[in-house]
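Pasted below: structure-v4.cif, mmCIF, C-alpha atoms and all ligand atoms.
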data_final
loop_
_atom_site.group_PDB
_atom_site.id
_atom_site.type_symbol
_atom_site.label_atom_id
_atom_site.label_comp_id
_atom_site.auth_asym_id
_atom_site.auth_seq_id
_atom_site.Cartn_x
_atom_site.Cartn_y
_atom_site.Cartn_z
ATOM 1 C CA MET A 1 9.845 -1.422 -38.535
ATOM 2 C CA ALA A 2 8.325 -4.252 -40.563
ATOM 3 C CA ASP A 3 11.541 -4.367 -42.634
ATOM 4 C CA LYS A 4 13.454 -5.411 -39.482
ATOM 5 C CA GLY A 5 13.315 -9.005 -38.306
ATOM 6 C CA VAL A 6 11.704 -9.312 -34.901
ATOM 7 C CA LEU A 7 14.948 -10.406 -33.206
ATOM 8 C CA ASP A 8 16.685 -7.267 -34.539
ATOM 9 C CA MET A 9 14.235 -5.222 -32.456
ATOM 10 C CA PHE A 10 15.983 -6.531 -29.314
ATOM 11 C CA ARG A 11 19.457 -5.332 -30.440
ATOM 12 C CA LEU A 12 21.186 -2.462 -28.640
ATOM 13 C CA ASP A 13 24.058 -1.835 -31.080
ATOM 14 C CA GLY A 14 25.583 1.620 -30.631
ATOM 15 C CA LYS A 15 23.678 2.208 -27.377
ATOM 16 C CA VAL A 16 25.166 3.101 -23.997
ATOM 17 C CA ALA A 17 23.747 1.729 -20.745
ATOM 18 C CA ILE A 18 24.368 2.525 -17.079
ATOM 19 C CA VAL A 19 23.876 -0.308 -14.578
ATOM 20 C CA THR A 20 23.977 0.446 -10.852
ATOM 21 C CA GLY A 21 24.739 -2.322 -8.377
ATOM 22 C CA ALA A 22 26.871 -3.993 -11.029
ATOM 23 C CA SER A 23 29.370 -5.449 -8.528
ATOM 24 C CA SER A 24 27.386 -8.605 -7.702
ATOM 25 C CA GLY A 25 24.269 -10.659 -8.352
ATOM 26 C CA LEU A 26 21.719 -9.565 -10.918
ATOM 27 C CA GLY A 27 23.607 -6.384 -11.860
ATOM 28 C CA VAL A 28 26.492 -8.437 -13.250
ATOM 29 C CA VAL A 29 24.103 -10.488 -15.408
ATOM 30 C CA PHE A 30 22.274 -7.346 -16.569
ATOM 31 C CA ALA A 31 25.569 -5.763 -17.657
ATOM 32 C CA GLN A 32 26.619 -8.916 -19.525
ATOM 33 C CA ALA A 33 23.239 -9.250 -21.239
ATOM 34 C CA LEU A 34 23.169 -5.601 -22.343
ATOM 35 C CA ALA A 35 26.684 -6.045 -23.756
ATOM 36 C CA GLN A 36 25.648 -9.235 -25.575
ATOM 37 C CA ALA A 37 22.786 -7.222 -27.110
ATOM 38 C CA GLY A 38 25.352 -4.668 -28.353
ATOM 39 C CA ALA A 39 25.572 -1.907 -25.713
ATOM 40 C CA ASP A 40 28.609 -0.342 -24.060
ATOM 41 C CA VAL A 41 28.099 -0.218 -20.307
ATOM 42 C CA ALA A 42 28.983 2.101 -17.404
ATOM 43 C CA LEU A 43 29.129 0.165 -14.137
ATOM 44 C CA GLY A 44 28.435 1.728 -10.732
ATOM 45 C CA ALA A 45 28.592 0.352 -7.157
ATOM 46 C CA ARG A 46 30.517 0.987 -3.937
ATOM 47 C CA ARG A 47 32.927 -1.996 -4.307
ATOM 48 C CA GLU A 48 34.978 -0.834 -7.278
ATOM 49 C CA ASP A 49 37.296 -3.869 -7.099
ATOM 50 C CA ARG A 50 34.317 -6.121 -7.825
ATOM 51 C CA LEU A 51 33.233 -3.891 -10.728
ATOM 52 C CA VAL A 52 36.489 -4.778 -12.491
ATOM 53 C CA ALA A 53 35.306 -8.399 -12.910
ATOM 54 C CA THR A 54 32.034 -7.153 -14.419
ATOM 55 C CA ARG A 55 33.984 -4.889 -16.786
ATOM 56 C CA GLU A 56 35.963 -7.910 -17.951
ATOM 57 C CA ALA A 57 32.711 -9.805 -18.581
ATOM 58 C CA VAL A 58 31.409 -6.907 -20.709
ATOM 59 C CA GLU A 59 34.697 -6.793 -22.628
ATOM 60 C CA ALA A 60 34.502 -10.572 -23.171
ATOM 61 C CA ALA A 61 31.162 -9.897 -24.908
ATOM 62 C CA GLY A 62 33.016 -7.518 -27.250
ATOM 63 C CA ARG A 63 31.812 -4.211 -25.780
ATOM 64 C CA ARG A 64 33.442 -1.393 -23.803
ATOM 65 C CA ALA A 65 32.872 -0.651 -20.118
ATOM 66 C CA ILE A 66 33.893 1.852 -17.450
ATOM 67 C CA THR A 67 33.729 1.427 -13.683
ATOM 68 C CA VAL A 68 32.827 4.282 -11.358
ATOM 69 C CA ARG A 69 32.736 3.965 -7.571
ATOM 70 C CA THR A 70 29.186 5.061 -6.751
ATOM 71 C CA ASP A 71 27.061 5.215 -3.612
ATOM 72 C CA VAL A 72 23.590 5.822 -5.066
ATOM 73 C CA ALA A 73 22.389 7.263 -1.749
ATOM 74 C CA ARG A 74 24.602 10.287 -2.576
ATOM 75 C CA PRO A 75 23.098 12.500 -5.318
ATOM 76 C CA GLU A 76 26.573 13.845 -6.144
ATOM 77 C CA ASP A 77 27.840 10.294 -6.804
ATOM 78 C CA CYS A 78 24.888 9.676 -9.153
ATOM 79 C CA GLN A 79 25.655 12.887 -11.045
ATOM 80 C CA ALA A 80 29.344 11.909 -11.251
ATOM 81 C CA LEU A 81 28.473 8.457 -12.692
ATOM 82 C CA VAL A 82 26.390 10.064 -15.435
ATOM 83 C CA GLU A 83 29.107 12.654 -16.138
ATOM 84 C CA ALA A 84 31.774 9.937 -16.391
ATOM 85 C CA THR A 85 29.553 8.025 -18.829
ATOM 86 C CA MET A 86 29.009 11.121 -20.978
ATOM 87 C CA ALA A 87 32.758 11.877 -20.917
ATOM 88 C CA GLU A 88 33.657 8.336 -22.035
ATOM 89 C CA PHE A 89 30.806 7.432 -24.397
ATOM 90 C CA GLY A 90 29.062 10.753 -25.201
ATOM 91 C CA ARG A 91 25.524 9.486 -24.569
ATOM 92 C CA VAL A 92 23.239 7.593 -22.176
ATOM 93 C CA ASP A 93 20.458 5.516 -23.763
ATOM 94 C CA VAL A 94 19.597 3.106 -20.954
ATOM 95 C CA LEU A 95 19.564 3.328 -17.160
ATOM 96 C CA VAL A 96 19.102 0.183 -15.085
ATOM 97 C CA ASN A 97 18.388 1.216 -11.493
ATOM 98 C CA ASN A 98 19.436 -2.086 -9.931
ATOM 99 C CA ALA A 99 21.416 -1.133 -6.778
ATOM 100 C CA GLY A 100 19.538 -2.276 -3.718
ATOM 101 C CA VAL A 101 19.817 -3.562 -0.180
ATOM 102 C CA GLY A 102 17.595 -6.209 1.376
ATOM 103 C CA THR A 103 16.753 -6.158 5.076
ATOM 104 C CA ALA A 104 14.336 -7.993 7.368
ATOM 105 C CA VAL A 105 13.777 -6.340 10.776
ATOM 106 C CA PRO A 106 10.654 -6.714 12.981
ATOM 107 C CA ALA A 107 8.845 -3.366 12.764
ATOM 108 C CA THR A 108 8.728 -2.627 16.496
ATOM 109 C CA ARG A 109 12.524 -3.060 16.685
ATOM 110 C CA GLU A 110 13.545 -1.211 13.504
ATOM 111 C CA THR A 111 15.426 2.038 14.177
ATOM 112 C CA PRO A 112 14.845 5.221 12.170
ATOM 113 C CA GLU A 113 18.408 4.856 10.818
ATOM 114 C CA GLN A 114 17.771 1.299 9.612
ATOM 115 C CA PHE A 115 14.512 2.235 7.895
ATOM 116 C CA ARG A 116 15.949 5.407 6.332
ATOM 117 C CA SER A 117 19.061 3.647 5.029
ATOM 118 C CA VAL A 118 16.967 1.212 2.958
ATOM 119 C CA ILE A 119 14.744 3.953 1.509
ATOM 120 C CA ASP A 120 17.856 6.040 0.810
ATOM 121 C CA VAL A 121 19.383 3.380 -1.441
ATOM 122 C CA ASN A 122 16.413 1.510 -2.919
ATOM 123 C CA LEU A 123 14.089 4.444 -3.603
ATOM 124 C CA ASN A 124 15.927 7.764 -3.301
ATOM 125 C CA GLY A 125 19.006 6.418 -5.123
ATOM 126 C CA CYS A 126 16.871 5.449 -8.113
ATOM 127 C CA TYR A 127 15.423 8.955 -8.236
ATOM 128 C CA TRP A 128 18.837 10.672 -8.130
ATOM 129 C CA MET A 129 20.057 8.405 -10.937
ATOM 130 C CA ALA A 130 16.911 8.930 -13.028
ATOM 131 C CA GLN A 131 17.112 12.723 -12.621
ATOM 132 C CA ALA A 132 20.776 12.863 -13.636
ATOM 133 C CA CYS A 133 20.170 10.605 -16.659
ATOM 134 C CA ALA A 134 17.001 12.340 -17.853
ATOM 135 C CA ARG A 135 18.928 15.628 -18.096
ATOM 136 C CA VAL A 136 21.158 14.135 -20.828
ATOM 137 C CA MET A 137 19.063 11.335 -22.381
ATOM 138 C CA GLN A 138 17.815 11.796 -25.946
ATOM 139 C CA PRO A 139 14.405 10.651 -27.268
ATOM 140 C CA GLY A 140 14.319 6.854 -27.590
ATOM 141 C CA SER A 141 16.037 6.331 -24.245
ATOM 142 C CA SER A 142 14.701 4.104 -21.514
ATOM 143 C CA ILE A 143 14.896 3.609 -17.743
ATOM 144 C CA VAL A 144 14.157 0.367 -15.894
ATOM 145 C CA ASN A 145 13.786 0.366 -12.118
ATOM 146 C CA ILE A 146 14.376 -2.976 -10.419
ATOM 147 C CA SER A 147 11.486 -3.249 -7.983
ATOM 148 C CA SER A 148 10.381 -6.590 -6.472
ATOM 149 C CA ILE A 149 7.365 -8.781 -5.854
ATOM 150 C CA LEU A 150 7.679 -7.264 -2.353
ATOM 151 C CA GLY A 151 6.360 -4.055 -3.914
ATOM 152 C CA LEU A 152 3.168 -5.945 -4.790
ATOM 153 C CA THR A 153 2.704 -8.625 -2.117
ATOM 154 C CA THR A 154 4.202 -10.027 1.099
ATOM 155 C CA ALA A 155 6.497 -13.023 1.457
ATOM 156 C CA GLY A 156 6.543 -14.027 5.116
ATOM 157 C CA LEU A 157 9.506 -11.962 6.385
ATOM 158 C CA PRO A 158 9.342 -8.633 8.296
ATOM 159 C CA GLN A 159 10.391 -6.320 5.451
ATOM 160 C CA ALA A 160 8.555 -3.011 5.938
ATOM 161 C CA ALA A 161 11.454 -0.855 4.730
ATOM 162 C CA TYR A 162 12.236 -3.057 1.734
ATOM 163 C CA ALA A 163 8.556 -3.449 0.754
ATOM 164 C CA ALA A 164 7.930 0.295 1.131
ATOM 165 C CA SER A 165 10.976 1.113 -1.002
ATOM 166 C CA LYS A 166 9.975 -1.335 -3.746
ATOM 167 C CA ALA A 167 6.306 -0.242 -3.757
ATOM 168 C CA GLY A 168 7.512 3.373 -3.851
ATOM 169 C CA LEU A 169 9.602 2.516 -6.887
ATOM 170 C CA ILE A 170 6.472 1.370 -8.736
ATOM 171 C CA GLY A 171 4.846 4.763 -8.066
ATOM 172 C CA LEU A 172 8.040 6.560 -9.076
ATOM 173 C CA THR A 173 8.102 4.569 -12.318
ATOM 174 C CA ARG A 174 4.516 5.524 -13.178
ATOM 175 C CA ASP A 175 5.059 9.201 -12.443
ATOM 176 C CA LEU A 176 8.378 9.579 -14.287
ATOM 177 C CA ALA A 177 6.799 7.827 -17.286
ATOM 178 C CA GLN A 178 3.990 10.371 -17.381
ATOM 179 C CA GLN A 179 6.458 13.272 -16.972
ATOM 180 C CA TRP A 180 9.044 12.132 -19.523
ATOM 181 C CA THR A 181 7.637 9.728 -22.131
ATOM 182 C CA GLY A 182 5.640 12.310 -24.071
ATOM 183 C CA ARG A 183 7.818 15.346 -23.375
ATOM 184 C CA LYS A 184 11.319 13.819 -23.597
ATOM 185 C CA GLY A 185 10.764 10.478 -25.359
ATOM 186 C CA ILE A 186 12.127 8.559 -22.376
ATOM 187 C CA ARG A 187 10.220 5.382 -21.481
ATOM 188 C CA VAL A 188 10.241 4.395 -17.795
ATOM 189 C CA ASN A 189 9.306 0.899 -16.608
ATOM 190 C CA ALA A 190 9.964 -1.421 -13.679
ATOM 191 C CA LEU A 191 10.710 -5.110 -13.282
ATOM 192 C CA ALA A 192 9.310 -6.950 -10.250
ATOM 193 C CA PRO A 193 11.504 -10.041 -9.846
ATOM 194 C CA GLY A 194 10.523 -13.018 -7.746
ATOM 195 C CA PHE A 195 13.281 -15.291 -6.392
ATOM 196 C CA PHE A 196 16.654 -15.316 -8.175
ATOM 197 C CA ASP A 197 19.924 -16.575 -6.671
ATOM 198 C CA SER A 198 22.258 -13.751 -5.567
ATOM 199 C CA GLU A 199 24.226 -12.536 -2.556
ATOM 200 C CA MET A 200 20.999 -10.941 -1.315
ATOM 201 C CA THR A 201 19.050 -14.211 -1.369
ATOM 202 C CA ASP A 202 22.031 -16.057 0.230
ATOM 203 C CA GLN A 203 21.079 -14.198 3.436
ATOM 204 C CA TYR A 204 17.597 -15.764 3.718
ATOM 205 C CA PRO A 205 16.858 -18.034 6.704
ATOM 206 C CA GLU A 206 17.364 -21.796 6.192
ATOM 207 C CA GLY A 207 14.416 -23.312 4.333
ATOM 208 C CA TYR A 208 12.815 -19.966 3.451
ATOM 209 C CA ILE A 209 13.146 -20.215 -0.342
ATOM 210 C CA ALA A 210 11.959 -23.844 -0.367
ATOM 211 C CA GLN A 211 8.872 -22.780 1.573
ATOM 212 C CA GLN A 212 8.153 -19.803 -0.742
ATOM 213 C CA LEU A 213 8.615 -21.977 -3.843
ATOM 214 C CA GLY A 214 5.280 -23.574 -2.943
ATOM 215 C CA ARG A 215 3.705 -20.332 -4.253
ATOM 216 C CA VAL A 216 5.688 -20.330 -7.517
ATOM 217 C CA LEU A 217 3.720 -21.932 -10.367
ATOM 218 C CA VAL A 218 6.882 -22.678 -12.372
ATOM 219 C CA GLY A 219 8.163 -24.547 -9.278
ATOM 220 C CA ARG A 220 11.766 -23.251 -9.221
ATOM 221 C CA PRO A 221 13.766 -20.060 -8.617
ATOM 222 C CA GLY A 222 14.321 -17.876 -11.670
ATOM 223 C CA ASP A 223 17.428 -18.005 -13.842
ATOM 224 C CA PRO A 224 18.941 -14.470 -13.850
ATOM 225 C CA MET A 225 19.138 -14.651 -17.666
ATOM 226 C CA GLU A 226 15.319 -14.956 -17.722
ATOM 227 C CA LEU A 227 15.194 -11.604 -15.941
ATOM 228 C CA ALA A 228 17.903 -10.095 -18.144
ATOM 229 C CA ALA A 229 15.878 -11.121 -21.217
ATOM 230 C CA ALA A 230 12.889 -9.172 -19.871
ATOM 231 C CA LEU A 231 15.213 -6.207 -19.268
ATOM 232 C CA VAL A 232 16.519 -6.280 -22.842
ATOM 233 C CA PHE A 233 12.907 -6.389 -24.090
ATOM 234 C CA LEU A 234 11.955 -3.319 -22.033
ATOM 235 C CA VAL A 235 14.962 -1.159 -22.993
ATOM 236 C CA SER A 236 15.090 -2.051 -26.703
ATOM 237 C CA ALA A 237 12.865 -1.191 -29.672
ATOM 238 C CA ALA A 238 10.982 -4.410 -28.873
ATOM 239 C CA GLY A 239 9.511 -2.633 -25.833
ATOM 240 C CA GLY A 240 9.002 0.648 -27.667
ATOM 241 C CA TYR A 241 5.275 0.814 -26.893
ATOM 242 C CA VAL A 242 5.632 -0.108 -23.199
ATOM 243 C CA THR A 243 5.965 2.635 -20.591
ATOM 244 C CA GLY A 244 4.869 3.370 -17.026
ATOM 245 C CA THR A 245 4.352 -0.283 -16.250
ATOM 246 C CA THR A 246 5.759 -2.872 -13.854
ATOM 247 C CA LEU A 247 6.485 -6.293 -15.319
ATOM 248 C CA PRO A 248 6.540 -9.156 -12.788
ATOM 249 C CA VAL A 249 9.046 -11.925 -13.594
ATOM 250 C CA GLU A 250 8.196 -14.303 -10.777
ATOM 251 C CA GLY A 251 7.148 -17.689 -12.104
ATOM 252 C CA GLY A 252 3.496 -16.990 -11.289
ATOM 253 C CA LEU A 253 3.966 -16.301 -7.560
ATOM 254 C CA LEU A 254 1.587 -13.340 -7.727
ATOM 255 C CA THR A 255 -1.336 -15.622 -8.594
ATOM 256 C CA SER A 256 -1.354 -16.877 -4.971
HETATM 257 N N1 LIG A 301 17.729 -11.640 -6.154
HETATM 258 C C1 LIG A 301 16.413 -11.584 -6.079
HETATM 259 O O1 LIG A 301 15.742 -12.606 -5.947
HETATM 260 C C2 LIG A 301 15.706 -10.257 -6.175
HETATM 261 C C3 LIG A 301 14.313 -10.255 -6.150
HETATM 262 C C4 LIG A 301 13.638 -9.044 -6.263
HETATM 263 C C5 LIG A 301 14.338 -7.869 -6.406
HETATM 264 N N2 LIG A 301 15.695 -7.896 -6.411
HETATM 265 C C6 LIG A 301 16.391 -6.620 -6.562
HETATM 266 O O2 LIG A 301 17.416 -6.769 -7.528
HETATM 267 C C7 LIG A 301 18.449 -5.831 -7.259
HETATM 268 C C8 LIG A 301 19.794 -6.565 -7.259
HETATM 269 O O3 LIG A 301 19.823 -7.439 -6.140
HETATM 270 P P1 LIG A 301 20.681 -8.790 -6.087
HETATM 271 O O4 LIG A 301 19.739 -9.867 -5.722
HETATM 272 O O5 LIG A 301 21.533 -8.916 -7.277
HETATM 273 O O6 LIG A 301 21.538 -8.510 -4.758
HETATM 274 P P2 LIG A 301 23.104 -8.323 -4.503
HETATM 275 O O7 LIG A 301 23.870 -9.446 -5.110
HETATM 276 O O8 LIG A 301 23.202 -8.089 -3.030
HETATM 277 O O9 LIG A 301 23.458 -6.993 -5.295
HETATM 278 C C9 LIG A 301 23.106 -5.723 -4.836
HETATM 279 C C10 LIG A 301 23.941 -4.704 -5.575
HETATM 280 O O10 LIG A 301 23.552 -3.392 -5.144
HETATM 281 C C11 LIG A 301 24.738 -2.666 -4.849
HETATM 282 N N3 LIG A 301 24.486 -1.636 -3.847
HETATM 283 C C12 LIG A 301 23.988 -1.782 -2.596
HETATM 284 N N4 LIG A 301 23.969 -0.592 -1.967
HETATM 285 C C13 LIG A 301 24.470 0.318 -2.853
HETATM 286 C C14 LIG A 301 24.702 1.723 -2.795
HETATM 287 N N5 LIG A 301 24.432 2.439 -1.704
HETATM 288 N N6 LIG A 301 25.222 2.322 -3.897
HETATM 289 C C15 LIG A 301 25.501 1.614 -5.007
HETATM 290 N N7 LIG A 301 25.305 0.292 -5.122
HETATM 291 C C16 LIG A 301 24.800 -0.339 -4.046
HETATM 292 C C17 LIG A 301 25.744 -3.696 -4.379
HETATM 293 O O11 LIG A 301 27.064 -3.231 -4.630
HETATM 294 P P3 LIG A 301 28.057 -2.616 -3.536
HETATM 295 O O12 LIG A 301 27.816 -3.340 -2.246
HETATM 296 O O13 LIG A 301 29.407 -2.882 -4.146
HETATM 297 O O14 LIG A 301 27.744 -1.158 -3.479
HETATM 298 C C18 LIG A 301 25.433 -4.856 -5.307
HETATM 299 O O15 LIG A 301 26.140 -4.727 -6.512
HETATM 300 C C19 LIG A 301 18.091 -5.165 -5.935
HETATM 301 O O16 LIG A 301 17.478 -3.923 -6.166
HETATM 302 C C20 LIG A 301 17.108 -6.139 -5.315
HETATM 303 O O17 LIG A 301 16.235 -5.512 -4.401
HETATM 304 C C21 LIG A 301 16.401 -9.060 -6.287
#
Mind turning this structure into structure tokens?
Ligand SMILES: NC(=O)c1ccc[n+]([C@@H]2O[C@H](COP(=O)([O-])OP(=O)(O)OC[C@H]3O[C@@H](n4cnc5c(N)ncnc54)[C@H](OP(=O)(O)O)[C@@H]3O)[C@@H](O)[C@H]2O)c1
Amino acid sequence: MADKGVLDMFRLDGKVAIVTGASSGLGVVFAQALAQAGADVALGARREDRLVATREAVEAAGRRAITVRTDVARPEDCQALVEATMAEFGRVDVLVNNAGVGTAVPATRETPEQFRSVIDVNLNGCYWMAQACARVMQPGSSIVNISSILGLTTAGLPQAAYAASKAGLIGLTRDLAQQWTGRKGIRVNALAPGFFDSEMTDQYPEGYIAQQLGRVLVGRPGDPMELAAALVFLVSAAGGYVTGTTLPVEGGLLTS
């Protein structure tokens, strides 16, 4: 490794990545960043029309992409996304479990259907994707689950389902790392983002982000490319000795 320059350790040339939730927000930036680092990308989400724009962004970075309509709450859709990726590219090196829904419902009013639907996408969907990928991934592969600071702390809104799903994802990450890193050579990590602009954060109540920024040491929301850079670190050779962990990228919010 010493013969490689340190920046070369972040390259993903010849690798193939799957990004779920690639139709808006952070997933689009993740797909672009992985392509800029050298990877071809398979893009999954329910809104296939919006995936086309992400595919064009990947192609603009000089890499190939496929789009597959995917509802990650359906195990058969997750299997089909992995099969389509294998059919097109012949390998899966990276999985970014990014698809997620954000909700805020007072606990005494939340219905079983509302609670279950969040867990089904944010937690169960990541497991179906990880299972399908781990069956085909070769040693040296890597999975990153997009958790949240809500998996580690609270942030003033009634988000039991979301917080439970994101905390569950941290446990899932730890367990899959201990099952697969030694036996299959697949590293499994999580990112815990703080506040980044996206369609999800557009739904926050007026003034909410400004109020929460008081807890953020860096004093501003994150730039999605700052999160994508952490992702590229985790999935590349640069992160080769990191597994089973959750990396907060939150401007220091967790110090409060
Ligand atoms: N933005 C932040 O500040 C922040 C902070 C912490 C964590 N996160 C996490 O980051 C991830 C991305 O969020 P974002 O902020 O970029 O929000 P976003 O713009 O709302 O994007 C969410 C993505 O998830 C997809 N998705 C939702 N349900 C799905 C399903 N059943 N099957 C497949 N895809 C589904 C959506 O696509 P379709 O609707 O087309 O299916 C969309 O592409 C989420 O896991 C979120 O919890 C975000």
(Q) ligand LIG 301 (chain A): which residues are within 7 Å, counting only C-alpha atoms and all ligand atoms? Reply as an MDAnalysis selection string. (A) chainID A and resid 20:27 44:48 50 70:73 98:102 121:122 146:149 192:201
Export C-alpha atoms of the chosen residues as a PDB file, in the coordinates of the input?
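Just written: out.pdb:
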ATOM      1  CA  THR A  20      23.977   0.446 -10.852  1.00  0.00           C
ATOM      2  CA  GLY A  21      24.739  -2.322  -8.377  1.00  0.00           C
ATOM      3  CA  ALA A  22      26.871  -3.993 -11.029  1.00  0.00           C
ATOM      4  CA  SER A  23      29.370  -5.449  -8.528  1.00  0.00           C
ATOM      5  CA  SER A  24      27.386  -8.605  -7.702  1.00  0.00           C
ATOM      6  CA  GLY A  25      24.269 -10.659  -8.352  1.00  0.00           C
ATOM      7  CA  LEU A  26      21.719  -9.565 -10.918  1.00  0.00           C
ATOM      8  CA  GLY A  27      23.607  -6.384 -11.860  1.00  0.00           C
ATOM      9  CA  GLY A  44      28.435   1.728 -10.732  1.00  0.00           C
ATOM     10  CA  ALA A  45      28.592   0.352  -7.157  1.00  0.00           C
ATOM     11  CA  ARG A  46      30.517   0.987  -3.937  1.00  0.00           C
ATOM     12  CA  ARG A  47      32.927  -1.996  -4.307  1.00  0.00           C
ATOM     13  CA  GLU A  48      34.978  -0.834  -7.278  1.00  0.00           C
ATOM     14  CA  ARG A  50      34.317  -6.121  -7.825  1.00  0.00           C
ATOM     15  CA  THR A  70      29.186   5.061  -6.751  1.00  0.00           C
ATOM     16  CA  ASP A  71      27.061   5.215  -3.612  1.00  0.00           C
ATOM     17  CA  VAL A  72      23.590   5.822  -5.066  1.00  0.00           C
ATOM     18  CA  ALA A  73      22.389   7.263  -1.749  1.00  0.00           C
ATOM     19  CA  ASN A  98      19.436  -2.086  -9.931  1.00  0.00           C
ATOM     20  CA  ALA A  99      21.416  -1.133  -6.778  1.00  0.00           C
ATOM     21  CA  GLY A 100      19.538  -2.276  -3.718  1.00  0.00           C
ATOM     22  CA  VAL A 101      19.817  -3.562  -0.180  1.00  0.00           C
ATOM     23  CA  GLY A 102      17.595  -6.209   1.376  1.00  0.00           C
ATOM     24  CA  VAL A 121      19.383   3.380  -1.441  1.00  0.00           C
ATOM     25  CA  ASN A 122      16.413   1.510  -2.919  1.00  0.00           C
ATOM     26  CA  ILE A 146      14.376  -2.976 -10.419  1.00  0.00           C
ATOM     27  CA  SER A 147      11.486  -3.249  -7.983  1.00  0.00           C
ATOM     28  CA  SER A 148      10.381  -6.590  -6.472  1.00  0.00           C
ATOM     29  CA  ILE A 149       7.365  -8.781  -5.854  1.00  0.00           C
ATOM     30  CA  ALA A 192       9.310  -6.950 -10.250  1.00  0.00           C
ATOM     31  CA  PRO A 193      11.504 -10.041  -9.846  1.00  0.00           C
ATOM     32  CA  GLY A 194      10.523 -13.018  -7.746  1.00  0.00           C
ATOM     33  CA  PHE A 195      13.281 -15.291  -6.392  1.00  0.00           C
ATOM     34  CA  PHE A 196      16.654 -15.316  -8.175  1.00  0.00           C
ATOM     35  CA  ASP A 197      19.924 -16.575  -6.671  1.00  0.00           C
ATOM     36  CA  SER A 198      22.258 -13.751  -5.567  1.00  0.00           C
ATOM     37  CA  GLU A 199      24.226 -12.536  -2.556  1.00  0.00           C
ATOM     38  CA  MET A 200      20.999 -10.941  -1.315  1.00  0.00           C
ATOM     39  CA  THR A 201      19.050 -14.211  -1.369  1.00  0.00           C
TER      40      THR A 201
END
Q | Residue list as a ChimeraX atom specification for point (10.9, -14.6, -31.3), cut-off 12 Å, only C-alpha atoms | A | /A:5-10,229,233,238
Q: Between A:Leu253, A:Leu95, A:Ala164, A:Val28, single out the one closest to Val16 of chain A, counting all atoms listed in the file.
A: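 Answer, going by the shortest atom-to-atom distance: A:Leu95.
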Which residues match the PyMOL selection byres (((chain A and resi 176) around 12) and not hetatm) in the file above, as a compact mmCIF listing (two decimals) with C-alpha atoms, in the coordinates of the input?
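Below is the file expr34.txt, written as the result:
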# COMPACT_ATOMS: atom_id res chain seq x y z
CA CYS A 126 16.87 5.45 -8.11
CA TYR A 127 15.42 8.96 -8.24
CA ALA A 130 16.91 8.93 -13.03
CA GLN A 131 17.11 12.72 -12.62
CA ALA A 134 17.00 12.34 -17.85
CA SER A 142 14.70 4.10 -21.51
CA ILE A 143 14.90 3.61 -17.74
CA VAL A 144 14.16 0.37 -15.89
CA ASN A 145 13.79 0.37 -12.12
CA LEU A 169 9.60 2.52 -6.89
CA ILE A 170 6.47 1.37 -8.74
CA GLY A 171 4.85 4.76 -8.07
CA LEU A 172 8.04 6.56 -9.08
CA THR A 173 8.10 4.57 -12.32
CA ARG A 174 4.52 5.52 -13.18
CA ASP A 175 5.06 9.20 -12.44
CA ALA A 177 6.80 7.83 -17.29
CA GLN A 178 3.99 10.37 -17.38
CA GLN A 179 6.46 13.27 -16.97
CA TRP A 180 9.04 12.13 -19.52
CA THR A 181 7.64 9.73 -22.13
CA GLY A 182 5.64 12.31 -24.07
CA ARG A 183 7.82 15.35 -23.38
CA LYS A 184 11.32 13.82 -23.60
CA GLY A 185 10.76 10.48 -25.36
CA ILE A 186 12.13 8.56 -22.38
CA ARG A 187 10.22 5.38 -21.48
CA VAL A 188 10.24 4.39 -17.80
CA ASN A 189 9.31 0.90 -16.61
CA ALA A 190 9.96 -1.42 -13.68
CA THR A 243 5.96 2.64 -20.59
CA GLY A 244 4.87 3.37 -17.03
CA THR A 245 4.35 -0.28 -16.25
Q. Rounded to one decimal in Å, what is the spacing between atom CA of Leu157 of chain A and atom CA of Ile209 of chain A?
A.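 Answer for the atom CA of Leu157 of chain A to atom CA of Ile209 of chain A separation: 11.3 Å.
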Q) Given the choices A:Val92, A:Ala161, A:Leu150, A:Val58, which gets closest to Gln138 of chain A if the distance is worked out from all atoms listed in the file? A) A:Val92
Q: Have a look at atom CA of Gly62 of chain A and atom CA of Ala230 of chain A and let me know their distance in Å, one decimal.
A: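 For atom CA of Gly62 of chain A relative to atom CA of Ala230 of chain A, the distance reads 21.5 Å.
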